[in-house]
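So this block is final01.txt, compact mmCIF, C-alpha atoms:
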# COMPACT_ATOMS: atom_id res chain seq x y z
CA MET A 1 0.00 0.00 0.00
CA LYS A 2 1.36 3.36 -0.99
CA SER A 3 1.89 6.26 1.38
CA PHE A 4 -0.19 9.34 0.65
CA GLU A 5 3.05 11.07 -0.32
CA GLN A 6 3.41 8.53 -3.12
CA VAL A 7 -0.21 9.08 -4.12
CA ILE A 8 0.41 12.83 -4.38
CA GLU A 9 3.53 12.34 -6.48
CA GLU A 10 1.98 9.80 -8.83
CA HIS A 11 -1.46 11.30 -9.38
CA GLY A 12 -1.28 14.91 -8.22
CA PRO A 13 -0.25 16.63 -11.45
CA ALA A 14 -2.78 14.71 -13.57
CA LEU A 15 -5.53 15.48 -11.05
CA LEU A 16 -4.65 19.15 -11.10
CA ARG A 17 -4.82 19.17 -14.91
CA TYR A 18 -8.14 17.36 -14.81
CA CYS A 19 -9.55 19.85 -12.27
CA ALA A 20 -8.41 22.72 -14.47
CA SER A 21 -10.28 21.27 -17.42
CA ARG A 22 -13.41 20.74 -15.33
CA VAL A 23 -13.65 24.07 -13.51
CA GLY A 24 -11.17 26.35 -15.28
CA PRO A 25 -7.74 27.56 -14.15
CA GLU A 26 -8.99 30.03 -11.54
CA ARG A 27 -10.83 27.35 -9.59
CA ALA A 28 -8.54 24.45 -10.41
CA GLU A 29 -6.44 24.63 -7.27
CA ASP A 30 -9.49 24.81 -5.00
CA CYS A 31 -10.99 21.77 -6.68
CA PHE A 32 -7.68 19.95 -6.47
CA GLN A 33 -7.16 20.80 -2.81
CA GLU A 34 -10.70 19.76 -1.88
CA THR A 35 -10.17 16.49 -3.73
CA MET A 36 -6.86 15.68 -2.07
CA VAL A 37 -7.96 16.69 1.43
CA SER A 38 -11.08 14.57 1.08
CA ALA A 39 -8.98 11.65 -0.15
CA LEU A 40 -6.43 12.05 2.64
CA ARG A 41 -9.17 12.16 5.24
CA SER A 42 -10.39 8.72 4.27
CA TYR A 43 -6.99 7.28 3.34
CA VAL A 44 -6.55 4.95 6.28
CA GLY A 45 -7.80 1.67 4.88
CA MET A 46 -6.08 -0.79 2.62
CA ARG A 47 -6.37 0.33 -0.95
CA GLU A 48 -5.72 -1.78 -3.99
CA GLU A 49 -3.25 0.13 -6.10
CA LYS A 50 -5.23 -0.14 -9.31
CA ALA A 51 -8.26 1.35 -7.61
CA VAL A 52 -6.45 4.42 -6.26
CA ARG A 53 -6.50 6.37 -9.52
CA SER A 54 -10.18 5.70 -10.24
CA TRP A 55 -11.03 6.58 -6.65
CA LEU A 56 -9.18 9.91 -6.81
CA PHE A 57 -10.72 10.91 -10.11
CA THR A 58 -14.16 9.98 -8.81
CA ILE A 59 -13.69 12.38 -5.91
CA ALA A 60 -12.32 15.07 -8.24
CA THR A 61 -15.27 14.66 -10.59
CA ARG A 62 -17.74 14.99 -7.72
CA LYS A 63 -15.92 18.00 -6.27
CA SER A 64 -15.88 19.70 -9.65
CA ILE A 65 -19.61 19.13 -10.00
CA ASP A 66 -20.15 20.52 -6.51
CA MET A 67 -18.04 23.53 -7.30
CA TYR A 68 -19.08 24.33 -10.77
CA ARG A 69 -20.78 22.56 -13.60
CA VAL A 70 -18.75 23.13 -16.74
CA ALA A 71 -21.71 22.40 -18.98
CA ASP A 72 -24.17 24.42 -16.91
CA ARG A 73 -23.89 28.13 -17.57
CA THR A 74 -26.74 29.06 -15.24
CA PRO A 75 -25.27 30.73 -12.14
CA LYS A 76 -26.60 29.08 -8.99
CA PRO A 77 -28.43 31.28 -6.48
CA THR A 78 -25.77 30.62 -3.87
CA GLU A 79 -22.98 31.90 -6.08
CA THR A 80 -21.39 35.20 -5.18
CA ALA A 81 -21.33 38.17 -7.52
CA GLN A 82 -17.69 37.45 -8.26
CA LYS A 83 -18.48 33.98 -9.39
CA ILE A 84 -21.33 35.12 -11.58
CA GLU A 85 -19.06 37.69 -13.16
CA GLY A 86 -16.62 34.98 -14.04
CA SER A 87 -19.27 32.45 -14.83
CA HIS A 88 -17.79 31.48 -18.11
CA PRO A 89 -15.07 28.95 -17.28
CA ASP A 90 -11.99 30.91 -18.09
CA VAL A 91 -10.11 28.14 -19.75
CA ARG A 92 -7.12 29.48 -21.64
CA PRO A 93 -5.84 26.51 -23.53
CA GLY A 94 -3.68 26.54 -26.61
CA ASN A 95 -6.66 25.87 -28.80
CA SER A 96 -9.72 27.70 -27.48
CA ASP A 97 -12.03 26.22 -30.11
CA ILE A 98 -11.70 22.73 -28.74
CA TRP A 99 -12.65 23.69 -25.19
CA SER A 100 -15.79 25.52 -26.08
CA LEU A 101 -16.78 22.53 -28.18
CA VAL A 102 -16.05 20.05 -25.37
CA GLU A 103 -18.09 22.21 -23.01
CA GLN A 104 -21.10 21.92 -25.25
CA LEU A 105 -21.01 18.15 -25.45
CA PRO A 106 -23.44 16.13 -23.38
CA GLU A 107 -22.16 15.76 -19.81
CA LYS A 108 -21.27 12.07 -20.16
CA GLN A 109 -19.23 12.63 -23.29
CA SER A 110 -17.30 15.64 -21.97
CA THR A 111 -16.59 13.87 -18.68
CA ALA A 112 -15.36 10.76 -20.47
CA LEU A 113 -13.12 12.83 -22.76
CA LEU A 114 -11.67 14.89 -19.91
CA LEU A 115 -10.97 11.85 -17.76
CA ARG A 116 -9.30 10.21 -20.69
CA TYR A 117 -7.26 13.06 -22.10
CA ARG A 118 -6.69 15.28 -19.09
CA GLY A 119 -6.52 12.56 -16.48
CA GLY A 120 -4.89 9.91 -18.60
CA LEU A 121 -7.34 7.26 -17.43
CA SER A 122 -7.97 4.04 -19.30
CA HIS A 123 -11.50 3.31 -20.58
CA ARG A 124 -11.96 0.86 -17.72
CA GLU A 125 -10.97 3.50 -15.17
CA VAL A 126 -13.25 6.05 -16.82
CA GLY A 127 -16.05 3.53 -16.42
CA GLU A 128 -15.27 3.11 -12.74
CA VAL A 129 -15.28 6.83 -12.11
CA MET A 130 -18.50 7.39 -14.03
CA GLU A 131 -20.06 4.20 -12.71
CA ILE A 132 -20.79 2.87 -16.14
CA SER A 133 -19.44 -0.13 -18.01
CA GLU A 134 -16.10 -0.01 -19.77
CA SER A 135 -17.79 -0.31 -23.15
CA ALA A 136 -20.16 2.55 -22.28
CA ALA A 137 -17.16 4.64 -21.27
CA ARG A 138 -15.46 3.80 -24.55
CA ARG A 139 -18.63 4.70 -26.44
CA ASN A 140 -18.95 8.04 -24.69
CA SER A 141 -15.36 8.88 -25.56
CA PHE A 142 -15.72 7.94 -29.21
CA GLU A 143 -19.12 9.61 -29.56
CA GLY A 144 -17.63 12.72 -28.04
CA LEU A 145 -14.75 12.77 -30.48
CA LYS A 146 -17.10 12.09 -33.36
CA ARG A 147 -19.27 15.02 -32.37
CA LEU A 148 -16.25 17.29 -31.96
CA ARG A 149 -15.19 16.43 -35.48
CA ALA A 150 -18.68 17.00 -36.84
CA GLU A 151 -18.99 20.40 -35.05
CA ARG A 152 -15.59 21.40 -36.30
CA SER A 153 -16.24 20.53 -39.91
CA SER A 154 -19.56 22.36 -39.85
CA TRP A 155 -17.60 25.59 -39.42
CA ALA A 156 -15.56 24.99 -42.53
CA MET B 1 -11.77 29.81 -45.75
CA VAL B 2 -11.83 26.07 -45.62
CA LYS B 3 -10.46 24.76 -42.31
CA PRO B 4 -8.61 21.47 -42.58
CA GLN B 5 -10.62 18.71 -40.96
CA MET B 6 -9.29 17.71 -37.55
CA GLY B 7 -8.52 14.01 -37.24
CA ASP B 8 -8.68 12.20 -33.94
CA ASP B 9 -4.97 12.76 -33.40
CA ASP B 10 -5.36 16.51 -33.58
CA PHE B 11 -8.23 16.45 -31.11
CA GLU B 12 -6.29 14.22 -28.77
CA GLN B 13 -3.35 16.55 -28.91
CA ALA B 14 -5.51 19.62 -28.37
CA LEU B 15 -7.33 18.00 -25.47
CA GLY B 16 -4.04 17.12 -23.83
CA GLU B 17 -2.57 20.59 -24.15
CA GLU B 18 -1.59 22.36 -20.97
CA ILE B 19 -4.06 24.75 -19.42
CA LEU B 20 -2.22 27.66 -17.87
CA LEU B 21 -2.96 27.96 -14.17
CA PRO B 22 -2.69 31.31 -12.33
CA ASP B 23 -0.12 30.30 -9.68
CA GLY B 24 0.17 26.81 -10.94
CA SER B 25 3.69 25.69 -10.41
CA TRP B 26 3.31 22.18 -9.07
CA ASP B 27 5.66 22.74 -6.11
CA ARG B 28 3.65 25.72 -4.90
CA VAL B 29 0.35 23.91 -5.31
CA ARG B 30 1.75 20.92 -3.44
CA GLY B 31 3.09 23.18 -0.70
CA ARG B 32 -0.28 24.76 -0.14
CA LEU B 33 -1.95 21.35 -0.06
CA VAL B 34 0.46 20.16 2.63
CA LYS B 35 -0.19 23.29 4.71
CA ARG B 36 -3.91 22.61 4.53
CA ALA B 37 -3.43 18.94 5.46
CA VAL B 38 -1.45 19.93 8.55
CA LYS B 39 -4.03 22.53 9.50
CA GLU B 40 -6.75 19.88 9.37
CA ASP B 41 -4.62 17.50 11.42
CA LEU B 42 -4.58 14.85 8.71
CA VAL B 43 -0.88 14.03 8.68
CA ASP B 44 0.12 11.05 10.82
CA VAL B 45 3.76 10.79 9.77
CA ALA B 46 5.98 13.58 8.43
CA TYR B 47 9.39 12.90 6.96
CA GLU B 48 12.32 14.59 5.27
CA MET B 49 15.38 13.31 3.51
CA HIS B 50 18.68 14.46 4.98
CA GLU B 51 22.11 14.47 3.35
CA SER B 52 24.80 13.05 5.61
CA PRO B 53 28.36 11.77 5.34
CA PHE B 54 26.74 8.34 5.02
CA GLY B 55 24.36 9.18 2.22
CA ARG B 56 20.75 10.27 2.33
CA LEU B 57 18.94 9.50 5.57
CA LEU B 58 15.19 9.48 6.07
CA VAL B 59 14.02 11.22 9.24
CA GLY B 60 10.41 10.50 10.13
CA ALA B 61 8.25 11.87 12.93
CA SER B 62 4.82 11.12 14.32
CA ASP B 63 2.92 13.05 16.96
CA GLY B 64 4.94 11.09 19.53
CA GLY B 65 8.33 12.20 18.28
CA ILE B 66 11.01 10.86 15.95
CA VAL B 67 9.73 7.44 14.95
CA ARG B 68 12.05 6.36 12.14
CA VAL B 69 15.55 6.93 10.87
CA GLY B 70 16.16 5.31 7.51
CA LEU B 71 19.71 4.69 6.28
CA SER B 72 20.71 5.12 2.65
CA ALA B 73 21.00 1.35 2.33
CA GLU B 74 17.23 1.21 2.77
CA SER B 75 14.92 2.17 -0.08
CA GLU B 76 12.74 5.21 0.58
CA ASP B 77 9.74 3.53 -1.02
CA GLU B 78 10.12 0.42 1.11
CA ILE B 79 10.46 2.45 4.29
CA LEU B 80 7.29 4.39 3.42
CA GLU B 81 5.33 1.24 2.61
CA ASP B 82 6.48 -0.31 5.88
CA LEU B 83 5.44 2.80 7.84
CA GLY B 84 2.15 2.82 5.94
CA ARG B 85 1.38 -0.70 7.06
CA ARG B 86 2.60 -0.39 10.62
CA ILE B 87 1.57 3.15 11.55
CA SER B 88 -0.58 4.86 8.95
CA PRO B 89 -0.48 5.56 5.22
CA ARG B 90 -1.12 9.25 5.89
CA ILE B 91 2.53 10.04 5.39
CA ILE B 92 3.65 13.31 3.83
CA ARG B 93 7.11 14.55 2.92
CA MET B 94 7.33 17.75 4.92
CA GLY B 95 9.26 19.36 7.75
CA SER B 96 8.38 19.82 11.40
CA PRO B 97 10.18 21.31 14.42
CA GLU B 98 11.14 17.81 15.65
CA ILE B 99 12.51 16.81 12.28
CA THR B 100 14.48 20.03 11.97
CA SER B 101 15.93 19.47 15.43
CA ALA B 102 16.80 15.86 14.62
CA ARG B 103 18.53 16.86 11.40
CA GLN B 104 20.49 19.55 13.21
CA GLN B 105 21.56 17.09 15.91
CA LEU B 106 22.56 14.47 13.36
CA ASP B 107 24.78 17.03 11.64
CA GLU B 108 26.39 17.89 14.98
CA TYR B 109 26.89 14.22 15.78
CA PHE B 110 28.57 13.50 12.44
CA ALA B 111 30.80 16.53 12.98
CA GLY B 112 31.92 15.07 16.30
CA GLU B 113 30.27 17.92 18.17
CA ARG B 114 27.46 16.01 19.85
CA ARG B 115 27.69 12.92 22.07
CA HIS B 116 24.09 12.47 23.08
CA PHE B 117 20.84 12.97 21.20
CA ASP B 118 18.28 15.15 22.91
CA LEU B 119 15.17 14.11 21.03
CA LYS B 120 11.69 12.94 21.82
CA LEU B 121 11.52 9.42 20.40
CA ASP B 122 8.42 7.46 19.45
CA TRP B 123 9.12 3.80 20.20
CA GLN B 124 5.93 2.39 18.73
CA LEU B 125 7.72 0.42 16.02
CA THR B 126 9.27 -1.97 18.54
CA ARG B 127 7.59 -4.00 21.23
CA GLY B 128 8.33 -6.40 24.04
CA PHE B 129 11.81 -7.87 24.22
CA ARG B 130 12.98 -5.97 21.12
CA ARG B 131 12.12 -2.72 22.79
CA GLN B 132 13.95 -3.78 25.96
CA VAL B 133 17.01 -4.52 23.85
CA LEU B 134 16.86 -1.13 22.18
CA HIS B 135 16.29 0.67 25.51
CA ALA B 136 19.38 -1.10 26.85
CA THR B 137 21.26 -0.07 23.70
CA ASP B 138 20.13 3.50 24.18
CA GLY B 139 22.02 3.49 27.45
CA ILE B 140 25.42 2.66 25.95
CA PRO B 141 27.53 5.80 26.32
CA TYR B 142 29.22 7.56 23.44
CA GLY B 143 32.58 6.03 22.52
CA GLU B 144 31.90 2.75 24.38
CA THR B 145 30.73 -0.64 23.17
CA ARG B 146 28.93 -3.67 24.58
CA SER B 147 28.61 -7.23 23.42
CA TYR B 148 25.35 -8.71 22.14
CA SER B 149 25.18 -11.00 25.17
CA ALA B 150 25.69 -8.06 27.55
CA VAL B 151 22.83 -6.24 25.90
CA ALA B 152 20.65 -9.36 26.04
CA THR B 153 21.42 -9.62 29.75
CA GLU B 154 20.65 -5.97 30.33
CA ALA B 155 17.34 -6.52 28.50
CA GLY B 156 16.46 -9.31 30.91
CA SER B 157 17.17 -12.48 28.88
CA PRO B 158 20.86 -13.39 29.07
CA LYS B 159 20.39 -16.41 26.82
CA ALA B 160 18.50 -14.58 24.08
CA VAL B 161 21.63 -13.42 22.29
CA ARG B 162 20.34 -14.24 18.82
CA ALA B 163 17.05 -12.47 19.51
CA ALA B 164 18.99 -9.46 20.73
CA GLY B 165 20.93 -9.47 17.47
CA SER B 166 17.68 -9.61 15.55
CA ALA B 167 16.24 -6.72 17.56
CA LEU B 168 19.30 -4.62 16.77
CA ALA B 169 19.17 -5.56 13.08
CA ASN B 170 15.60 -4.25 13.05
CA ASN B 171 16.32 -1.02 14.91
CA PRO B 172 13.94 1.58 13.45
CA LEU B 173 16.09 4.40 14.85
CA PRO B 174 19.70 3.65 13.86
CA ILE B 175 22.39 6.19 14.82
CA VAL B 176 20.07 7.89 17.30
CA VAL B 177 19.62 4.62 19.20
CA PRO B 178 23.24 3.48 18.93
CA CYS B 179 23.02 -0.13 17.78
CA HIS B 180 26.38 0.50 16.14
CA ARG B 181 27.92 0.31 19.65
CA VAL B 182 27.05 -3.38 19.99
CA LEU B 183 29.77 -5.84 18.94
CA ARG B 184 30.32 -9.55 19.01
CA SER B 185 32.04 -11.03 22.04
CA ASP B 186 34.80 -12.45 19.86
CA GLY B 187 35.81 -8.92 18.90
CA ASN B 188 34.27 -9.15 15.48
CA VAL B 189 32.40 -5.99 14.52
CA GLY B 190 29.21 -7.91 13.81
CA SER B 191 26.58 -6.90 11.31
CA TYR B 192 24.95 -3.54 10.64
CA LEU B 193 22.07 -2.51 8.44
CA GLY B 194 24.10 0.31 6.99
CA GLY B 195 26.99 -2.04 6.28
CA THR B 196 29.99 -2.96 8.47
CA SER B 197 32.05 -0.17 6.94
CA MET B 198 29.62 2.44 8.24
CA LYS B 199 29.58 0.77 11.66
CA GLU B 200 33.37 0.85 11.84
CA GLN B 201 33.50 4.47 10.75
CA LEU B 202 30.98 5.52 13.39
CA LEU B 203 32.91 3.69 16.10
CA ALA B 204 36.23 5.15 14.92
CA MET B 205 34.74 8.64 14.87
CA GLU B 206 33.40 8.26 18.41
CA ARG B 207 36.73 6.91 19.67
CA SER B 208 38.65 9.82 18.25
CA SER B 209 36.18 12.42 19.51
CA GLY B 210 36.04 10.86 22.97
Would you kindly transcribe this structure into structure tokens?
Amino acid sequence: MKSFEQVIEEHGPALLRYCASRVGPERAEDCFQETMVSALRSYVGMREEKAVRSWLFTIATRKSIDMYRVADRTPKPTETAQKIEGSHPDVRPGNSDIWSLVEQLPEKQSTALLLRYRGGLSHREVGEVMEISESAARRNSFEGLKRLRAERSSWA
Amino acid sequence: MVKPQMGDDDFEQALGEEILLPDGSWDRVRGRLVKRAVKEDLVDVAYEMHESPFGRLLVGASDGGIVRVGLSAESEDEILEDLGRRISPRIIRMGSPEITSARQQLDEYFAGERRHFDLKLDWQLTRGFRRQVLHATDGIPYGETRSYSAVATEAGSPKAVRAAGSALANNPLPIVVPCHRVLRSDGNVGSYLGGTSMKEQLLAMERSSG
């Protein structure tokens, strides 16, 4: 069983990247910290190594939903004025087209794509995090990519 | 203008591109996480790596004090996994006042400037007879030595010489609890987790500083 230090070293950077893609760069560190603190709090039992990554990304996904729904532009009543002002996830990637497209995908497809490409998870792990089968996870990923391509070519 | 169609590879590359974070250097983010973990009292074992004349040592502390000194002959990963199983997996690489003090005292000891460690020790990693053996070892003065059988006797079981040897071989606090001061009765240096060369050097250093 790995020490939490080892968990931080092995999964931290990928989790941070994943959080950034879920909630934007301004909120990424908050989401990441909430995820890791929550994980550390319950990290006293035996954990199968393979399950650690899925477990962490499950927490991160839930935290990001709690914090801010990427696909949901409607500001929640509890949000402060500051948050509403910055309600558009201020993602500043190299290719801004792709992120606005991913945002507009159905929730399951964008989540699957982000877990896969930002988190580096396998299809099986994506399935575990999203609580769907591996083949459903694979489908969501491929459907997502297909839709991105279709959206993109419709601009041409 | 006709945009070239993006293939899957292009999408994959674009999706994997770095998102710039405001104060996102990993070290700073990690540092702030550790601060938060400490604040919420979630760290059971803290440790730092310390450069010494005998390679990199691991110095670990729990709430009860210094709980582990790892020699360079031991793998950091294995020490952490062992601590994870025996104490708690909530181990973070970070400093603490105890660890800083221990590192300072180790430096002084290696420089021949300190003869006795003044540290709060957490003995939870040894029990029963092994702990008696290490307590007895802890009492061996700087620059002196004892035999394994003398230590076994001091620990209450004169015949348990082999068990005493085993206890010393499994000392979780080498250097600080001076198992290097225990020799074989026949004059042979005996074994040492850090290697007999290190044991001899420590003894030679203590003799010359005595």
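The space between atom CA of Ile140 of chain B and atom CA of His116 of chain B spans 10.3 Å.
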> Smallest atom-to-atom distance to Glu34 of chain A: which of A:Thr58, A:Ser64, A:Ser135, A:Ser122, using all atoms listed in the file?
Replying inline: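 Checking each of A:Thr58, A:Ser64, A:Ser135, A:Ser122 against Glu34 of chain A, counting all atoms listed in the file, the winner is A:Ser64.
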>> Give me, as a PyMOL selection string, all polymer residues having an atom no more than 10 Å from Val189 of chain B, counting only C-alpha atoms and skipping those fewer than 3 positions away in the same chain.
In response: chain B and resi 147+180-186+192+196-197+199-200+203
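Note that the spacing between atom CA of Met49 of chain B and atom CA of Glu206 of chain B amounts to 23.9 Å.
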> So which residues touch Ser38 of chain A within 10 Å, counting all atoms listed in the file, skipping near sequence neighbours fewer than 6 positions away, as a list in words?
Replying inline: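 Listing them by chain and then by number gives Phe32, Leu56, Ile59, Ala60 and Lys63 of chain A; Ala37 of chain B.
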>> When you look at Gln105 of chain B with a cut-off of 7 Å (counting only C-alpha atoms), what residues show up, excluding the ones that are within fewer than 4 positions of it in the same chain? I need them as a ChimeraX atom specification.
In response: /B:101,109,117
> Could you name the residues that touch Val129 of chain A at 9 Å or less, counting only C-alpha atoms, but leaving out those on the same chain fewer than 4 positions away, as number ranges by chain?
Replying inline: A: 54-59, 61, 115, 124-125
Store the residues of this selection in a file with C-alpha atoms, as a PDB file, keeping the file's coordinate frame.
ATOM      1  CA  SER A  54     -10.180   5.700 -10.240  1.00  0.00           C
ATOM      2  CA  TRP A  55     -11.030   6.580  -6.650  1.00  0.00           C
ATOM      3  CA  LEU A  56      -9.180   9.910  -6.810  1.00  0.00           C
ATOM      4  CA  PHE A  57     -10.720  10.910 -10.110  1.00  0.00           C
ATOM      5  CA  THR A  58     -14.160   9.980  -8.810  1.00  0.00           C
ATOM      6  CA  ILE A  59     -13.690  12.380  -5.910  1.00  0.00           C
ATOM      7  CA  THR A  61     -15.270  14.660 -10.590  1.00  0.00           C
ATOM      8  CA  LEU A 115     -10.970  11.850 -17.760  1.00  0.00           C
ATOM      9  CA  ARG A 124     -11.960   0.860 -17.720  1.00  0.00           C
ATOM     10  CA  GLU A 125     -10.970   3.500 -15.170  1.00  0.00           C
TER      11      GLU A 125
END
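The spacing separating atom CA of Glu113 of chain B from atom CA of Met205 of chain B amounts to 10.8 Å.
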Would you list the contacts of segment 171-178 of chain B as a compact mmCIF listing (two decimals) with C-alpha atoms, in the frame of the given file, taking every protein, DNA or RNA residue within 10 Å and counting only C-alpha atoms, but skipping same-chain residues closer than 2 positions in sequence?
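Saved to selection_3.txt:
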# COMPACT_ATOMS: atom_id res chain seq x y z
CA VAL B 59 14.02 11.22 9.24
CA GLY B 60 10.41 10.50 10.13
CA ILE B 66 11.01 10.86 15.95
CA VAL B 67 9.73 7.44 14.95
CA ARG B 68 12.05 6.36 12.14
CA VAL B 69 15.55 6.93 10.87
CA GLY B 70 16.16 5.31 7.51
CA LEU B 71 19.71 4.69 6.28
CA ILE B 79 10.46 2.45 4.29
CA ALA B 102 16.80 15.86 14.62
CA GLN B 105 21.56 17.09 15.91
CA LEU B 106 22.56 14.47 13.36
CA TYR B 109 26.89 14.22 15.78
CA PHE B 110 28.57 13.50 12.44
CA HIS B 116 24.09 12.47 23.08
CA PHE B 117 20.84 12.97 21.20
CA ASP B 118 18.28 15.15 22.91
CA LEU B 119 15.17 14.11 21.03
CA LEU B 121 11.52 9.42 20.40
CA ASP B 122 8.42 7.46 19.45
CA TRP B 123 9.12 3.80 20.20
CA GLN B 124 5.93 2.39 18.73
CA LEU B 125 7.72 0.42 16.02
CA THR B 126 9.27 -1.97 18.54
CA ARG B 130 12.98 -5.97 21.12
CA ARG B 131 12.12 -2.72 22.79
CA VAL B 133 17.01 -4.52 23.85
CA LEU B 134 16.86 -1.13 22.18
CA HIS B 135 16.29 0.67 25.51
CA ALA B 136 19.38 -1.10 26.85
CA THR B 137 21.26 -0.07 23.70
CA ASP B 138 20.13 3.50 24.18
CA GLY B 139 22.02 3.49 27.45
CA ILE B 140 25.42 2.66 25.95
CA PRO B 141 27.53 5.80 26.32
CA TYR B 142 29.22 7.56 23.44
CA THR B 145 30.73 -0.64 23.17
CA GLY B 165 20.93 -9.47 17.47
CA SER B 166 17.68 -9.61 15.55
CA ALA B 167 16.24 -6.72 17.56
CA LEU B 168 19.30 -4.62 16.77
CA ALA B 169 19.17 -5.56 13.08
CA HIS B 180 26.38 0.50 16.14
CA ARG B 181 27.92 0.31 19.65
CA VAL B 182 27.05 -3.38 19.99
CA TYR B 192 24.95 -3.54 10.64
CA LEU B 193 22.07 -2.51 8.44
CA GLY B 194 24.10 0.31 6.99
CA LYS B 199 29.58 0.77 11.66
CA LEU B 202 30.98 5.52 13.39
> For Ser154 of chain A, which residue out of A:Phe142, A:Glu128, A:Leu101, A:Gly120 is the nearest one, using only C-alpha atoms?
Replying inline: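 Smallest separation from Ser154 of chain A among the options: A:Leu101.
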Mind working out the centre and edge lengths of an axis-aligned box for segment 3-7 of chain A, all listed atoms inside, 5 Å added to each side, rounded to one decimal in Å and written as lines of an AutoDock Vina configuration file?
center_x = 1.6
center_y = 8.7
center_z = -1.4
size_x = 13.6
size_y = 14.8
size_z = 15.5
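Counting all atoms listed in the file and comparing B:Leu58, B:Leu33, B:Ala164, B:Arg28, the residue that lies closest to Thr35 of chain A is B:Leu33.
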